[in-house]
Amino acid sequence: MDWRARIDTVDGVPRGAGILVDGTRLITCAHVVEGHSAVSVTLPHITGALPAKVAWSGDWRRLGDRGDIAVLELAHPLRVAPCAFAPLDLLRSQPGRTAPELRALGFPFGHEEFGTHATLTTSADRLLGQEWLEVDVVQAHLRRLDEGFSGAAVYDPESGKVVGMVTDAVLGGDQEGYIGRMLPIETIRRHWEDLDDFLALDWLPAEPRRELRALFEEVRLDADALELLVRRAFPTFRRPLPAFRSIWHAIRYVGEELTGDERLLRLLRALRARLPEADVGAWLRRWMPEHCADEAYDGKAARQQPPVPVGSVMFRAESMTRGAGLDLTVCTVIDGVPVGSSGPVRIRPRQLRTKVEAMLADQIGKVHECDWMLEFVVPERLMSEPFEEWQIHEPGAARPRPMRTVPVVVRHMDRLKPLTVSRLTRRRWETVRARGETRPRRVTCELPYGYDEFHDWLDADDEVCALAYAATPMGDWLSAALDTGVPIMLWRRHDCGEGGHAQCAPEKFLDRLTEAVAVLDPDRLPFEVMRLRKEARSPDKGDAEHCGHRLTLFWDDPERKPDPPLAMGTRGDQ
């Protein structure tokens, strides 16, 4: 038990206690060393005062804050056995086992030289604020908690193993010194991840675990990117994930909370593809060689850029049964994995743009590192809304940008319902995808068809999978195309007016549009239409007759479903 330490100022004023965790490092409370960059460490009966620097401190700044942990570092290693940490489940209730009595050695007034013991009890169910465990002092024991116990190890006297660290106590009133708080191991390692190097964890032996943690110690990914990475590695895992604070937190979570013999390997492969700068391959070859023998992985492969994930923010606006209102929902999907959603919220049609822009601002952080697109799944009457001219209000950006800077597509709300038309859409989509070319059929303004003729034309030709309208399609034409399952339509939002079609120039528009998309893979169509919209606005490449002006793309991949259960079909060439 020589690892129990007293912490003093450099002038020798006692401040509290500490715990030796390896030859040169100790942990104590951040408030014990508050205002000090260097302190003095004494192991009673073992060493005199030794200088130590405050190497790391948690988030604690004032009384009541979380993260009341600091790490001290000695200039030279000690030849003293450090503490051992208890299993993480020692304080958890188990049938037939009572909560153990625990000890803490503190250095209150009058006991600065050798310290004095307090006997404590607690259990895992006495968690406070997801941070502390409440502790009681056994009142038959004369020693109560007082100043000088902060930073003291709470340990099991039978095994001598540490279960946590005293932080504070009630120091007034009837309960003075009898009730206090401690940080359990689970909390300490959440703030100071190095602690995992000293714990007995069954999902990976100590040495490879230390090397793996060190491998990612200086590598940073934000919480959204880490959640996406874990979801992609385990797409069938549907429980909520914590907000990962670091890569190591994600690795530890997978190791301890998920099941499957290859769960760690799956995550590391995802990390290797996402972070080529971290040499995960070398670690795998050293510690998991049996899983690397069949992989064509070498230094050159490690330097290749990982594939860019594909994301989609899908807005679904469904007409209410009564009235003109809408139920609006948004969901964000990346590489087939749902990563965020909001709604439904009930709105009036005139509120649609304002609400969409606000909801997108909340979701956009999830798709920063993706090739992403916007999908508007709406009733037929809203398909010609100028969605691509609406604004993306990105938090922190100096000004908004138009939605046309990303691919924007329109889809039909009724296609989500289990109707015959859904089967027809799927069949035509399979046809156009199989041939690998969009090949839209031209629909000029003067075509004399009504609904029945338009429907019969499409119903008789399963090879018609895309339509290009010279102007906003008449209601009958649009309804007939939707009813026969046509999955792709393009049109210029333009009203021909009463003067015939003298101002339409339909042939010129359709020539330019079909030339741009005819041989295009349908999966690339949203990105090509985005390019056309941008080009139409360019002073160098655009003109008043450019086919990208006021261009709507109806693009209805039946695999992409924005309603529960969230799903999305993806293709590698997207």
# chains A, B, ... in the order shown; residues from 1 in each chain; ligands from 1
$ residues_around --residues "Asp196 of chain A" --least-positions-apart "3" --cutoff "12 Å" --atoms "only C-alpha atoms" --output "ChimeraX atom specification"
/A:21,85,87-88,185-193,199-214,248-249,251-252
$ residues_around --residues "Leu374 of chain A" --least-positions-apart "5" --cutoff "7 Å" --atoms "only C-alpha atoms" --output "list in words"
Ser312, Val313, Met314, Pro407, Val408 and Val409 of chain A
$ residues_around --residues "Thr438 of chain A" --least-positions-apart "2" --cutoff "12 Å" --atoms "only C-alpha atoms" --output "ChimeraX atom specification"
/A:428-436,440-441,463-468,486-490,513-526,528,555
$ residues_around --residues "Leu43 of chain A" --least-positions-apart "6" --cutoff "7 Å" --atoms "only C-alpha atoms" --output "JSON, numbers by chain"
{"A": [2, 3, 4, 5, 6]}
$ write_last_selection --atoms "C-alpha atoms" --output "mmCIF file, in the first residue's frame"
data_model
loop_
_atom_site.group_PDB
_atom_site.id
_atom_site.type_symbol
_atom_site.label_atom_id
_atom_site.label_comp_id
_atom_site.auth_asym_id
_atom_site.auth_seq_id
_atom_site.Cartn_x
_atom_site.Cartn_y
_atom_site.Cartn_z
ATOM 1 C CA ASP A 2 2.992 2.318 -0.499
ATOM 2 C CA TRP A 3 1.264 4.019 -3.464
ATOM 3 C CA ARG A 4 -0.832 6.283 -1.178
ATOM 4 C CA ALA A 5 0.567 9.808 -1.351
ATOM 5 C CA ARG A 6 0.259 13.216 0.282
#
$ atom_distance --atom1 "atom CA of Phe198 of chain A" --atom2 "atom CA of Pro82 of chain A"
10.0 Å
$ decode --residues "segment 396-430 of chain A" --atoms "N, CA, C and O atoms" --output "short mmCIF file (atom, residue, chain, number, x, y, z; two decimals), in the first residue's frame"
data_model
loop_
_atom_site.label_atom_id
_atom_site.label_comp_id
_atom_site.auth_asym_id
_atom_site.auth_seq_id
_atom_site.Cartn_x
_atom_site.Cartn_y
_atom_site.Cartn_z
N GLY A 396 -22.26 29.34 -38.41
CA GLY A 396 -20.89 29.86 -38.45
C GLY A 396 -20.49 30.47 -39.77
O GLY A 396 -19.45 31.13 -39.85
N ALA A 397 -21.28 30.24 -40.82
CA ALA A 397 -20.93 30.80 -42.14
C ALA A 397 -21.27 32.28 -42.18
O ALA A 397 -22.24 32.74 -41.56
N ALA A 398 -20.49 33.04 -42.95
CA ALA A 398 -20.71 34.49 -43.03
C ALA A 398 -22.02 34.82 -43.71
O ALA A 398 -22.65 35.82 -43.39
N ARG A 399 -22.45 34.01 -44.66
CA ARG A 399 -23.70 34.27 -45.38
C ARG A 399 -24.27 32.94 -45.88
O ARG A 399 -23.53 31.96 -46.03
N PRO A 400 -25.58 32.89 -46.13
CA PRO A 400 -26.17 31.65 -46.65
C PRO A 400 -25.77 31.42 -48.10
O PRO A 400 -25.28 32.32 -48.79
N ARG A 401 -25.96 30.19 -48.56
CA ARG A 401 -25.71 29.88 -49.97
C ARG A 401 -26.93 29.17 -50.53
O ARG A 401 -27.68 28.51 -49.79
N PRO A 402 -27.16 29.29 -51.84
CA PRO A 402 -28.35 28.65 -52.40
C PRO A 402 -28.22 27.14 -52.41
O PRO A 402 -27.13 26.58 -52.52
N MET A 403 -29.35 26.48 -52.35
CA MET A 403 -29.35 25.02 -52.35
C MET A 403 -28.86 24.43 -53.67
O MET A 403 -28.48 23.26 -53.71
N ARG A 404 -28.85 25.22 -54.73
CA ARG A 404 -28.35 24.69 -56.00
C ARG A 404 -26.87 24.35 -55.96
O ARG A 404 -26.35 23.75 -56.90
N THR A 405 -26.17 24.75 -54.89
CA THR A 405 -24.76 24.39 -54.76
C THR A 405 -24.57 22.93 -54.38
O THR A 405 -23.44 22.45 -54.31
N VAL A 406 -25.66 22.22 -54.09
CA VAL A 406 -25.63 20.77 -53.90
C VAL A 406 -26.70 20.16 -54.80
O VAL A 406 -27.60 20.88 -55.26
N PRO A 407 -26.63 18.87 -55.09
CA PRO A 407 -27.71 18.26 -55.88
C PRO A 407 -29.05 18.35 -55.15
O PRO A 407 -29.12 18.08 -53.94
N VAL A 408 -30.08 18.74 -55.85
CA VAL A 408 -31.44 18.85 -55.30
C VAL A 408 -32.38 18.09 -56.21
O VAL A 408 -32.42 18.35 -57.42
N VAL A 409 -33.14 17.16 -55.64
CA VAL A 409 -34.11 16.40 -56.42
C VAL A 409 -35.47 16.44 -55.75
O VAL A 409 -35.59 16.68 -54.55
N VAL A 410 -36.50 16.20 -56.57
CA VAL A 410 -37.87 16.15 -56.11
C VAL A 410 -38.38 14.72 -56.27
O VAL A 410 -38.01 14.04 -57.23
N ARG A 411 -39.21 14.31 -55.33
CA ARG A 411 -39.81 12.98 -55.40
C ARG A 411 -41.29 13.08 -55.06
O ARG A 411 -41.76 14.12 -54.61
N HIS A 412 -42.01 11.98 -55.23
CA HIS A 412 -43.46 11.99 -55.05
C HIS A 412 -43.84 11.30 -53.74
O HIS A 412 -43.46 10.15 -53.50
N MET A 413 -44.62 12.01 -52.93
CA MET A 413 -45.02 11.49 -51.63
C MET A 413 -45.75 10.15 -51.74
O MET A 413 -45.50 9.22 -50.97
N ASP A 414 -46.63 10.02 -52.74
CA ASP A 414 -47.44 8.79 -52.85
C ASP A 414 -46.60 7.57 -53.22
O ASP A 414 -47.05 6.43 -53.03
N ARG A 415 -45.41 7.78 -53.76
CA ARG A 415 -44.57 6.64 -54.14
C ARG A 415 -44.11 5.84 -52.91
O ARG A 415 -43.63 4.72 -53.04
N LEU A 416 -44.20 6.44 -51.73
CA LEU A 416 -43.80 5.72 -50.52
C LEU A 416 -44.86 4.73 -50.06
O LEU A 416 -44.59 3.90 -49.19
N LYS A 417 -46.04 4.84 -50.62
CA LYS A 417 -47.13 3.98 -50.18
C LYS A 417 -47.11 2.67 -50.96
O LYS A 417 -46.68 2.62 -52.10
N PRO A 418 -47.57 1.59 -50.34
CA PRO A 418 -47.51 0.27 -51.00
C PRO A 418 -48.58 0.13 -52.07
O PRO A 418 -49.53 -0.64 -51.96
N LEU A 419 -48.43 0.90 -53.16
CA LEU A 419 -49.37 0.85 -54.27
C LEU A 419 -48.73 0.14 -55.45
O LEU A 419 -47.52 -0.07 -55.51
N THR A 420 -49.58 -0.19 -56.44
CA THR A 420 -49.07 -0.82 -57.66
C THR A 420 -48.04 0.06 -58.34
O THR A 420 -47.06 -0.43 -58.91
N VAL A 421 -48.21 1.38 -58.26
CA VAL A 421 -47.29 2.29 -58.92
C VAL A 421 -45.88 2.16 -58.37
O VAL A 421 -44.89 2.37 -59.07
N SER A 422 -45.74 1.77 -57.10
CA SER A 422 -44.41 1.57 -56.54
C SER A 422 -43.69 0.43 -57.25
O SER A 422 -42.49 0.50 -57.50
N ARG A 423 -44.43 -0.62 -57.57
CA ARG A 423 -43.83 -1.74 -58.30
C ARG A 423 -43.45 -1.31 -59.71
O ARG A 423 -42.39 -1.68 -60.23
N LEU A 424 -44.30 -0.51 -60.35
CA LEU A 424 -44.00 -0.02 -61.70
C LEU A 424 -42.75 0.87 -61.69
O LEU A 424 -41.92 0.80 -62.60
N THR A 425 -42.64 1.71 -60.67
CA THR A 425 -41.47 2.58 -60.56
C THR A 425 -40.20 1.75 -60.41
O THR A 425 -39.18 2.02 -61.06
N ARG A 426 -40.27 0.74 -59.57
CA ARG A 426 -39.09 -0.10 -59.34
C ARG A 426 -38.67 -0.79 -60.64
O ARG A 426 -37.48 -0.87 -60.95
N ARG A 427 -39.65 -1.25 -61.42
CA ARG A 427 -39.32 -1.96 -62.65
C ARG A 427 -38.66 -1.02 -63.67
O ARG A 427 -37.66 -1.36 -64.30
N ARG A 428 -39.19 0.19 -63.82
CA ARG A 428 -38.58 1.14 -64.76
C ARG A 428 -37.21 1.59 -64.26
O ARG A 428 -36.30 1.80 -65.07
N TRP A 429 -37.08 1.75 -62.94
CA TRP A 429 -35.77 2.15 -62.40
C TRP A 429 -34.72 1.08 -62.68
O TRP A 429 -33.58 1.37 -63.03
N GLU A 430 -35.08 -0.16 -62.50
CA GLU A 430 -34.15 -1.25 -62.80
C GLU A 430 -33.76 -1.25 -64.27
O GLU A 430 -32.62 -1.53 -64.63
#
